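**Student:** Quick one, run_28.pdb (PDB, C-alpha atoms):
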ATOM      1  CA  MET A 702       8.415  -0.629 -22.690
ATOM      2  CA  SER A 703       8.416   3.009 -21.501
ATOM      3  CA  PRO A 704       8.153   3.540 -17.739
ATOM      4  CA  GLN A 705       4.820   5.313 -18.237
ATOM      5  CA  ARG A 706       3.375   2.387 -20.151
ATOM      6  CA  ALA A 707       4.827  -0.150 -17.735
ATOM      7  CA  ALA A 708       3.209   1.680 -14.814
ATOM      8  CA  LEU A 709      -0.246   1.294 -16.384
ATOM      9  CA  VAL A 710       0.280  -2.242 -17.710
ATOM     10  CA  GLU A 711       1.470  -3.481 -14.319
ATOM     11  CA  GLY A 712      -0.751  -1.225 -12.259
ATOM     12  CA  TRP A 713      -4.196  -1.661 -13.789
ATOM     13  CA  PRO A 714      -5.458  -4.269 -11.298
ATOM     14  CA  VAL A 715      -4.583  -1.926  -8.430
ATOM     15  CA  LEU A 716      -6.091   1.082 -10.212
ATOM     16  CA  THR A 717      -9.310  -0.853 -10.832
ATOM     17  CA  SER A 718      -9.330  -1.812  -7.191
ATOM     18  CA  VAL A 719      -8.931   1.807  -6.124
ATOM     19  CA  VAL A 720     -12.087   2.717  -8.029
ATOM     20  CA  VAL A 721     -13.895  -0.120  -6.280
ATOM     21  CA  VAL A 722     -12.859   1.250  -2.878
ATOM     22  CA  GLY A 723     -13.384   4.900  -3.860
ATOM     23  CA  ILE A 724     -17.005   4.510  -4.897
ATOM     24  CA  PRO A 725     -18.133   3.212  -1.472
ATOM     25  CA  PHE A 726     -16.214   6.103   0.084
ATOM     26  CA  GLY A 727     -18.288   8.589  -1.937
ATOM     27  CA  ILE A 728     -21.472   6.822  -0.864
ATOM     28  CA  VAL A 729     -20.593   6.638   2.842
ATOM     29  CA  ALA A 730     -19.319  10.214   2.935
ATOM     30  CA  ARG A 731     -22.573  11.586   1.514
ATOM     31  CA  GLN A 732     -24.606   9.507   3.963
ATOM     32  CA  SER A 733     -22.624  10.978   6.855
ATOM     33  CA  GLY A 734     -24.131  14.388   6.120
ATOM     34  CA  LEU A 735     -21.117  16.085   4.542
ATOM     35  CA  SER A 736     -21.840  18.339   1.566
ATOM     36  CA  PRO A 737     -20.639  17.246  -1.908
ATOM     37  CA  ALA A 738     -18.099  20.100  -1.872
ATOM     38  CA  GLU A 739     -16.717  18.931   1.464
ATOM     39  CA  VAL A 740     -16.424  15.317   0.308
ATOM     40  CA  MET A 741     -14.775  16.381  -2.926
ATOM     41  CA  ALA A 742     -12.316  18.652  -1.091
ATOM     42  CA  MET A 743     -11.397  15.718   1.133
ATOM     43  CA  SER A 744     -10.532  13.502  -1.839
ATOM     44  CA  LEU A 745      -8.662  16.307  -3.613
ATOM     45  CA  PHE A 746      -6.637  17.557  -0.639
ATOM     46  CA  VAL A 747      -6.434  14.782   1.945
ATOM     47  CA  PHE A 748      -6.196  12.019  -0.680
ATOM     48  CA  ALA A 749      -5.824   9.081   1.697
ATOM     49  CA  GLY A 750      -8.328   6.233   1.648
ATOM     50  CA  ALA A 751      -8.127   4.931   5.198
ATOM     51  CA  SER A 752      -7.858   8.427   6.678
ATOM     52  CA  GLN A 753     -10.840   9.711   4.723
ATOM     53  CA  LEU A 754     -13.015   6.821   5.865
ATOM     54  CA  ALA A 755     -11.884   7.409   9.456
ATOM     55  CA  MET A 756     -12.612  11.156   9.120
ATOM     56  CA  VAL A 757     -16.119  10.508   7.861
ATOM     57  CA  GLN A 758     -16.789   8.162  10.781
ATOM     58  CA  LEU A 759     -15.424  10.694  13.299
ATOM     59  CA  PHE A 760     -17.434  13.569  11.772
ATOM     60  CA  LYS A 761     -20.531  11.427  12.042
ATOM     61  CA  ASP A 762     -19.747  10.686  15.704
ATOM     62  CA  GLY A 763     -19.335  14.428  16.394
ATOM     63  CA  VAL A 764     -15.711  14.100  17.521
ATOM     64  CA  ALA A 765     -13.802  17.359  18.189
ATOM     65  CA  TRP A 766     -11.649  18.482  15.260
ATOM     66  CA  PRO A 767      -8.234  18.394  17.033
ATOM     67  CA  LEU A 768      -8.820  14.708  17.709
ATOM     68  CA  ILE A 769      -9.752  14.133  14.050
ATOM     69  CA  VAL A 770      -6.569  15.869  12.892
ATOM     70  CA  ALA A 771      -4.463  13.833  15.343
ATOM     71  CA  THR A 772      -6.059  10.576  14.204
ATOM     72  CA  VAL A 773      -5.416  11.321  10.544
ATOM     73  CA  LEU A 774      -1.789  12.235  11.243
ATOM     74  CA  LEU A 775      -1.317   9.002  13.168
ATOM     75  CA  ILE A 776      -2.902   6.881  10.423
ATOM     76  CA  ASN A 777      -0.607   8.486   7.847
ATOM     77  CA  LEU A 778       2.549   8.313   9.951
ATOM     78  CA  ARG A 779       3.543   5.268   7.885
ATOM     79  CA  HIS A 780       4.081   7.576   4.917
ATOM     80  CA  VAL A 781       7.067   9.066   6.736
ATOM     81  CA  LEU A 782       8.659   5.615   6.667
ATOM     82  CA  MET A 783       7.747   5.212   3.001
ATOM     83  CA  ALA A 784       9.199   8.580   2.086
ATOM     84  CA  ALA A 785      12.421   7.654   3.880
ATOM     85  CA  ALA A 786      12.605   4.397   1.931
ATOM     86  CA  LEU A 787      11.961   6.192  -1.386
ATOM     87  CA  ARG A 788      14.419   9.003  -0.731
ATOM     88  CA  PRO A 789      17.490   7.353  -2.324
ATOM     89  CA  TYR A 790      15.566   7.036  -5.604
ATOM     90  CA  VAL A 791      14.226  10.593  -5.740
ATOM     91  CA  ALA A 792      17.209  12.380  -4.164
ATOM     92  CA  ARG A 793      18.476  13.601  -7.534
ATOM     93  CA  VAL A 794      15.332  15.524  -8.567
ATOM     94  CA  SER A 795      14.405  19.071  -7.505
ATOM     95  CA  VAL A 796      12.703  19.836  -4.213
ATOM     96  CA  ALA A 797       9.583  21.016  -6.078
ATOM     97  CA  LYS A 798       9.312  17.677  -7.872
ATOM     98  CA  ARG A 799       9.910  15.798  -4.625
ATOM     99  CA  LEU A 800       7.109  17.759  -2.940
ATOM    100  CA  ALA A 801       4.816  16.961  -5.864
ATOM    101  CA  ALA A 802       5.784  13.291  -5.552
ATOM    102  CA  ALA A 803       5.030  13.419  -1.818
ATOM    103  CA  TYR A 804       1.579  14.921  -2.475
ATOM    104  CA  VAL A 805       0.494  11.890  -4.507
ATOM    105  CA  LEU A 806       2.248   9.295  -2.318
ATOM    106  CA  THR A 807      -0.038   6.417  -1.402
ATOM    107  CA  ASP A 808       0.505   2.877  -0.101
ATOM    108  CA  GLU A 809      -0.131   1.575  -3.598
ATOM    109  CA  ALA A 810       2.208   4.014  -5.368
ATOM    110  CA  PHE A 811       4.906   3.277  -2.798
ATOM    111  CA  ALA A 812       4.647  -0.466  -3.329
ATOM    112  CA  MET A 813       4.601  -0.191  -7.132
ATOM    113  CA  ALA A 814       7.599   2.163  -7.095
ATOM    114  CA  ILE A 815       9.616  -0.139  -4.827
ATOM    115  CA  GLY A 816       8.764  -3.044  -7.132
ATOM    116  CA  TRP A 817      10.101  -0.983 -10.061
ATOM    117  CA  PHE A 818      13.266   0.346  -8.394
ATOM    118  CA  ARG A 819      14.133  -3.067  -6.959
ATOM    119  CA  ARG A 820      14.364  -4.365 -10.518
ATOM    120  CA  GLY A 821      17.229  -1.940 -11.034
ATOM    121  CA  ARG A 822      15.161   0.674 -12.857
ATOM    122  CA  THR A 823      15.600   4.333 -11.953
ATOM    123  CA  GLU A 824      12.865   6.221 -13.849
ATOM    124  CA  ILE A 825      10.665   8.303 -11.566
ATOM    125  CA  ALA A 826       8.185   8.563 -14.455
ATOM    126  CA  TYR A 827       6.925   5.108 -13.468
ATOM    127  CA  TYR A 828       6.004   6.340  -9.993
ATOM    128  CA  ALA A 829       4.628   9.653 -11.282
ATOM    129  CA  THR A 830       2.415   8.009 -13.898
ATOM    130  CA  PHE A 831       0.974   5.473 -11.495
ATOM    131  CA  ALA A 832       0.506   7.946  -8.615
ATOM    132  CA  VAL A 833      -1.217  10.582 -10.775
ATOM    133  CA  ALA A 834      -3.463   7.956 -12.410
ATOM    134  CA  LEU A 835      -4.461   6.787  -8.942
ATOM    135  CA  TYR A 836      -5.180  10.384  -7.864
ATOM    136  CA  ALA A 837      -7.398  10.968 -10.892
ATOM    137  CA  LEU A 838      -9.256   7.672 -10.446
ATOM    138  CA  TRP A 839      -9.754   8.100  -6.693
ATOM    139  CA  ASN A 840     -11.344  11.507  -7.271
ATOM    140  CA  THR A 841     -13.446  10.214 -10.156
ATOM    141  CA  ALA A 842     -14.625   7.318  -7.985
ATOM    142  CA  THR A 843     -15.550   9.745  -5.191
ATOM    143  CA  VAL A 844     -17.776  11.681  -7.604
ATOM    144  CA  VAL A 845     -19.342   8.513  -8.972
ATOM    145  CA  GLY A 846     -20.051   7.259  -5.448
ATOM    146  CA  MET A 847     -21.689  10.540  -4.457
ATOM    147  CA  LEU A 848     -23.833  10.617  -7.611
ATOM    148  CA  LEU A 849     -24.919   6.998  -7.675
ATOM    149  CA  GLY A 850     -25.370   6.564  -3.952
ATOM    150  CA  PRO A 851     -26.217   3.199  -2.421
ATOM    151  CA  SER A 852     -28.069   2.050  -5.568
ATOM    152  CA  ILE A 853     -25.008   0.215  -6.893
ATOM    153  CA  GLY A 854     -24.705  -2.211  -3.991
ATOM    154  CA  GLU A 855     -21.499  -3.556  -2.473
ATOM    155  CA  PRO A 856     -18.896  -4.271  -5.166
ATOM    156  CA  ARG A 857     -16.354  -5.625  -2.650
ATOM    157  CA  ARG A 858     -18.189  -8.931  -2.582
ATOM    158  CA  PHE A 859     -16.624  -9.785  -5.938
ATOM    159  CA  GLY A 860     -13.124  -9.656  -4.559
ATOM    160  CA  VAL A 861     -11.888  -6.741  -6.663
ATOM    161  CA  ASP A 862     -10.678  -4.981  -3.503
ATOM    162  CA  PHE A 863      -8.250  -7.872  -3.014
ATOM    163  CA  ALA A 864      -6.243  -6.779  -6.080
ATOM    164  CA  ILE A 865      -4.431  -4.197  -3.926
ATOM    165  CA  THR A 866      -3.541  -6.760  -1.267
ATOM    166  CA  ALA A 867      -2.529  -9.326  -3.891
ATOM    167  CA  THR A 868      -0.252  -6.775  -5.578
ATOM    168  CA  PHE A 869       1.414  -5.978  -2.251
ATOM    169  CA  ILE A 870       2.003  -9.698  -1.631
ATOM    170  CA  ALA A 871       3.371 -10.193  -5.151
ATOM    171  CA  ILE A 872       5.819  -7.275  -4.818
ATOM    172  CA  VAL A 873       7.096  -8.641  -1.497
ATOM    173  CA  VAL A 874       7.486 -12.175  -2.917
ATOM    174  CA  VAL A 875       9.412 -10.939  -5.967
ATOM    175  CA  GLY A 876      11.756  -8.999  -3.684
ATOM    176  CA  VAL A 877      12.703 -11.960  -1.481
ATOM    177  CA  ARG A 878      16.397 -12.731  -2.087
ATOM    178  CA  ARG A 879      17.451 -14.219   1.258
ATOM    179  CA  ARG A 880      15.753 -16.198   3.975
ATOM    180  CA  SER A 881      15.902 -13.157   6.248
ATOM    181  CA  ASP A 882      13.794 -11.208   3.701
ATOM    182  CA  ALA A 883      10.995 -13.749   4.033
ATOM    183  CA  ILE A 884      11.264 -13.788   7.824
ATOM    184  CA  VAL A 885      11.076  -9.979   8.030
ATOM    185  CA  ALA A 886       8.076  -9.857   5.675
ATOM    186  CA  LEU A 887       6.145 -12.557   7.553
ATOM    187  CA  THR A 888       6.939 -10.927  10.894
ATOM    188  CA  ALA A 889       5.751  -7.537   9.652
ATOM    189  CA  ALA A 890       2.538  -9.050   8.242
ATOM    190  CA  VAL A 891       1.699 -10.991  11.414
ATOM    191  CA  MET A 892       2.644  -8.141  13.749
ATOM    192  CA  ALA A 893       0.500  -5.628  11.825
ATOM    193  CA  SER A 894      -2.403  -8.089  11.807
ATOM    194  CA  LEU A 895      -2.110  -8.678  15.547
ATOM    195  CA  LEU A 896      -2.063  -4.935  16.238
ATOM    196  CA  ALA A 897      -5.062  -4.413  13.966
ATOM    197  CA  TYR A 898      -6.919  -7.286  15.637
ATOM    198  CA  LEU A 899      -6.218  -5.808  19.075
ATOM    199  CA  GLY A 900      -7.741  -2.495  17.977
ATOM    200  CA  ALA A 901      -4.520  -0.617  17.204
ATOM    201  CA  SER A 902      -5.033  -0.567  13.426
ATOM    202  CA  VAL A 903      -4.212   3.160  13.390
ATOM    203  CA  VAL A 904      -0.552   2.461  14.231
ATOM    204  CA  ALA A 905      -0.324  -1.154  12.999
ATOM    205  CA  VAL A 906       1.520  -0.515   9.728
ATOM    206  CA  VAL A 907       3.957   2.086  11.001
ATOM    207  CA  THR A 908       4.839   0.011  14.077
ATOM    208  CA  ALA A 909       5.218  -3.353  12.320
ATOM    209  CA  GLY A 910       6.976  -1.708   9.377
ATOM    210  CA  ALA A 911       9.542  -0.048  11.612
ATOM    211  CA  VAL A 912      10.094  -2.939  14.047
ATOM    212  CA  ALA A 913      10.231  -6.008  11.761
ATOM    213  CA  PRO A 914      13.355  -4.905   9.793
ATOM    214  CA  LEU A 915      15.280  -4.885  13.094
ATOM    215  CA  LEU A 916      15.317  -8.683  12.728
ATOM    216  CA  VAL A 917      17.968  -8.467   9.995
ATOM    217  CA  LEU A 918      20.384  -7.271  12.653
ATOM    218  CA  PHE A 919      20.145 -10.700  14.310
ATOM    219  CA  SER A 920      20.717 -12.683  11.110
ATOM    220  CA  PRO A 921      24.162 -13.352   9.643
ATOM    221  CA  ASP A 922      25.368 -10.519   7.432
ATOM    222  CA  GLU A 923      25.564 -12.001   3.947
ATOM    223  CA  ALA A 924      27.284  -9.524   1.680
ATOM    224  CA  THR A 925      24.916  -8.770  -1.215
ATOM    225  CA  THR A 926      24.259  -6.011  -3.725
TER     226      THR A 926
ATOM    227  CA  MET B 454      32.272  11.428 -12.219
ATOM    228  CA  ARG B 455      32.008  13.072  -8.824
ATOM    229  CA  ALA B 456      28.230  12.963  -9.019
ATOM    230  CA  PHE B 457      28.570   9.272  -9.789
ATOM    231  CA  ALA B 458      30.730   8.781  -6.719
ATOM    232  CA  PHE B 459      28.317  10.714  -4.534
ATOM    233  CA  ALA B 460      25.337   8.800  -5.788
ATOM    234  CA  PHE B 461      26.878   5.395  -5.192
ATOM    235  CA  ALA B 462      29.232   6.057  -2.295
ATOM    236  CA  LEU B 463      26.512   7.158   0.081
ATOM    237  CA  PRO B 464      24.993   3.759   0.920
ATOM    238  CA  THR B 465      28.361   2.149   1.682
ATOM    239  CA  THR B 466      29.348   4.996   4.004
ATOM    240  CA  LEU B 467      26.284   4.352   6.158
ATOM    241  CA  PRO B 468      27.029   2.126   9.137
ATOM    242  CA  ARG B 469      26.362  -1.445   8.035
ATOM    243  CA  PRO B 470      23.485  -2.147  10.480
ATOM    244  CA  ILE B 471      21.649   1.014   9.363
ATOM    245  CA  ALA B 472      22.170   0.137   5.705
ATOM    246  CA  ARG B 473      20.758  -3.342   6.311
ATOM    247  CA  TYR B 474      17.808  -1.935   8.247
ATOM    248  CA  LEU B 475      16.977   0.531   5.450
ATOM    249  CA  ASP B 476      17.324  -2.243   2.879
ATOM    250  CA  ALA B 477      14.766  -4.385   4.710
ATOM    251  CA  LEU B 478      12.389  -1.476   5.422
ATOM    252  CA  PRO B 479      10.359  -1.212   2.170
ATOM    253  CA  ALA B 480       9.359  -4.891   2.036
ATOM    254  CA  ALA B 481       8.435  -4.813   5.724
ATOM    255  CA  ILE B 482       6.125  -1.825   5.173
ATOM    256  CA  ILE B 483       4.457  -3.453   2.170
ATOM    257  CA  ALA B 484       4.048  -6.738   4.068
ATOM    258  CA  ALA B 485       2.574  -4.823   7.018
ATOM    259  CA  LEU B 486       0.032  -3.261   4.637
ATOM    260  CA  ALA B 487      -0.952  -6.643   3.215
ATOM    261  CA  GLY B 488      -0.994  -8.651   6.454
ATOM    262  CA  PRO B 489      -4.153  -7.271   8.082
ATOM    263  CA  ALA B 490      -6.107  -7.452   4.800
ATOM    264  CA  VAL B 491      -5.251 -11.175   4.675
ATOM    265  CA  LEU B 492      -5.495 -12.261   8.315
ATOM    266  CA  VAL B 493      -8.019  -9.831   9.813
ATOM    267  CA  PRO B 494     -10.026  -8.324   6.907
ATOM    268  CA  GLY B 495     -12.623  -5.888   8.227
ATOM    269  CA  GLY B 496     -11.300  -6.268  11.779
ATOM    270  CA  GLY B 497     -12.235  -9.932  12.412
ATOM    271  CA  LEU B 498     -10.235 -13.081  11.779
ATOM    272  CA  THR B 499     -10.390 -14.252   8.159
ATOM    273  CA  ARG B 500     -12.884 -16.976   7.389
ATOM    274  CA  GLY B 501     -10.469 -18.392   4.842
ATOM    275  CA  PRO B 502     -10.828 -16.766   1.398
ATOM    276  CA  GLU B 503      -8.187 -14.082   1.962
ATOM    277  CA  LEU B 504      -5.639 -16.509   3.420
ATOM    278  CA  ALA B 505      -6.188 -19.058   0.658
ATOM    279  CA  ALA B 506      -5.899 -16.348  -1.991
ATOM    280  CA  ALA B 507      -2.700 -15.011  -0.380
ATOM    281  CA  LEU B 508      -1.120 -18.480  -0.522
ATOM    282  CA  VAL B 509      -2.117 -18.763  -4.197
ATOM    283  CA  VAL B 510      -0.481 -15.396  -4.938
ATOM    284  CA  ILE B 511       2.696 -16.392  -3.074
ATOM    285  CA  GLY B 512       2.773 -19.733  -4.920
ATOM    286  CA  ILE B 513       2.232 -18.333  -8.415
ATOM    287  CA  VAL B 514       4.524 -15.327  -8.041
ATOM    288  CA  GLY B 515       7.225 -17.386  -6.312
ATOM    289  CA  TRP B 516       7.078 -20.046  -9.021
ATOM    290  CA  ARG B 517       6.395 -18.092 -12.247
ATOM    291  CA  ARG B 518       7.752 -14.652 -11.231
ATOM    292  CA  ASN B 519       4.637 -13.235 -12.903
ATOM    293  CA  LEU B 520       3.005 -10.432 -10.901
ATOM    294  CA  LEU B 521      -0.086 -10.035 -13.024
ATOM    295  CA  ALA B 522      -0.895 -13.771 -13.120
ATOM    296  CA  GLY B 523      -0.541 -13.947  -9.348
ATOM    297  CA  VAL B 524      -2.747 -10.916  -8.728
ATOM    298  CA  LEU B 525      -5.513 -12.042 -11.087
ATOM    299  CA  ALA B 526      -5.486 -15.576  -9.639
ATOM    300  CA  GLY B 527      -5.657 -14.131  -6.117
ATOM    301  CA  VAL B 528      -8.661 -11.979  -6.996
ATOM    302  CA  ALA B 529     -10.399 -14.943  -8.651
ATOM    303  CA  VAL B 530      -9.811 -17.202  -5.634
ATOM    304  CA  VAL B 531     -11.029 -14.626  -3.132
ATOM    305  CA  ALA B 532     -14.123 -13.862  -5.221
ATOM    306  CA  LEU B 533     -15.059 -17.533  -5.650
ATOM    307  CA  LEU B 534     -14.502 -18.440  -2.002
ATOM    308  CA  ARG B 535     -16.402 -15.380  -0.741
ATOM    309  CA  LEU B 536     -19.327 -16.291  -3.006
ATOM    310  CA  ALA B 537     -19.158 -19.895  -1.796
ATOM    311  CA  LEU B 538     -19.189 -18.768   1.840
ATOM    312  CA  ALA B 539     -22.050 -16.351   1.231
ATOM    313  CA  ALA B 540     -24.160 -19.007  -0.465
TER     314      ALA B 540
END
Written as structure tokens, how would this file's structure read?
**Tutor:**
Amino acid sequence: MSPQRAALVEGWPVLTSVVVVGIPFGIVARQSGLSPAEVMAMSLFVFAGASQLAMVQLFKDGVAWPLIVATVLLINLRHVLMAAALRPYVARVSVAKRLAAAYVLTDEAFAMAIGWFRRGRTEIAYYATFAVALYALWNTATVVGMLLGPSIGEPRRFGVDFAITATFIAIVVVGVRRRSDAIVALTAAVMASLLAYLGASVVAVVTAGAVAPLLVLFSPDEATT
Amino acid sequence: MRAFAFAFALPTTLPRPIARYLDALPAAIIAALAGPAVLVPGGGLTRGPELAAALVVIGIVGWRRNLLAGVLAGVAVVALLRLALAA
């Protein structure tokens, strides 16, 4: 199977899920008083689900723009970690292509790409196909949400949003090779949850993601790979 | 040949602890993304559906090594249990 095809065959539950999350974003953003052009520009240029929802909330609350910018940067700080983890796989392509890859980097594309590379595959086309499909669908969903408005109800009730979470879990499970892998993953999941529960959801992923792997330094060094 | 050496020599020249840390990093980030959606969806403790569905995904993917089957089963479980709780 070509990498492009594999990206869509393996990624369709996540892509469906993205539409399900993107439509409510379009609805909420319009209700917050932003113009359609402003909402569309946000999806086209910011292109970050959690950040966009946070931005809409902050705009609605009349928060000063420097604080909004700082919040968005903090929420997306985790992408610095992701980019660092992806670097070995994209190091051989041109800087222009790497910048393009960075533009469409999302949590979902990162997870799918790691799942692909960890199987020993090297094609960046897998990442590119999935990431661009997600970009197109997220923007389409934004438009649909703005046009349809609240008339379509709350699709999350049906559990489709869980496809993203389930895919993340599946990719982690497939990647577990040693006991320490499972311990690191569980620690990261619990730590991020605790931080989110305590109100620090903005930094939960970047903190737990950076701290939990330190545990491998306390486990015996089994020579692998 | 030299490009080959560069491409594959780099990881082994990193100090071992850093190499191990970087190796564990991606899974930790992905787990940190999934964790809150399972344990504290929407900011409050889960009422059960997400945790049950997560265990189903772990079970199916761990046993069958089939991503798609695990994901679809997880979505089905969460949908059914959410409906049951809402009823």
**Student:** I need the chain B residues near chain A as a ChimeraX atom specification; criterion: at most 7 Å, counting all atoms listed in the file.
**Tutor:** /B:470,473-475,477-490,492-493,496-497,507,510-511,514-515,518,520-521,523-524,527-528,531-532,535
**Student:** Taking (2.1, 14.6, -4.2) in the file's coordinates as the center, which residues reach within 12 Å of it, counting all atoms listed in the file, put as a ChimeraX atom specification?
**Tutor:** /A:745-749,780,784,796-807,810-811,828-836
**Student:** If I take CA of Leu716 in chain A and CA of Ala842 in chain A, how far is one from the other in Å, to one decimal?
**Tutor:** 10.8 Å
**Student:** Would you work out the distance separating CA of Ile724 in chain A from CA of Val757 in chain A, expressed in Å to one decimal?
**Tutor:**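 Pair CA of Ile724 in chain A / CA of Val757 in chain A returns 14.1 Å.
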**Student:** For each of A:Ser920, A:Val903, A:Val764, A:Ala730, take the minimum atom-to-atom distance to Leu778 in chain A, counting all atoms listed in the file, then give the residue where this is smallest.
**Tutor:** A:Val903
**Student:** Just give me the gap between CA of Thr823 in chain A and CA of Val791 in chain A in Å, one decimal is fine.
**Tutor:**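 Interatomic distance here is 8.9 Å.
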**Student:** Hey, which of B:Asp476, B:Ala505, B:Gly512, B:Ala522 ends up closest to Leu534 in chain B? Count only C-alpha atoms.
**Tutor:**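 Closest to Leu534 in chain B of all the choices is B:Ala505.
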**Student:** What does the PyMOL selection byres ((chain A and resi 755) around 12) select in this file, as a ChimeraX atom specification?
**Tutor:** /A:726,729-730,733,743,747,749-754,756-762,764,768-777,902-903
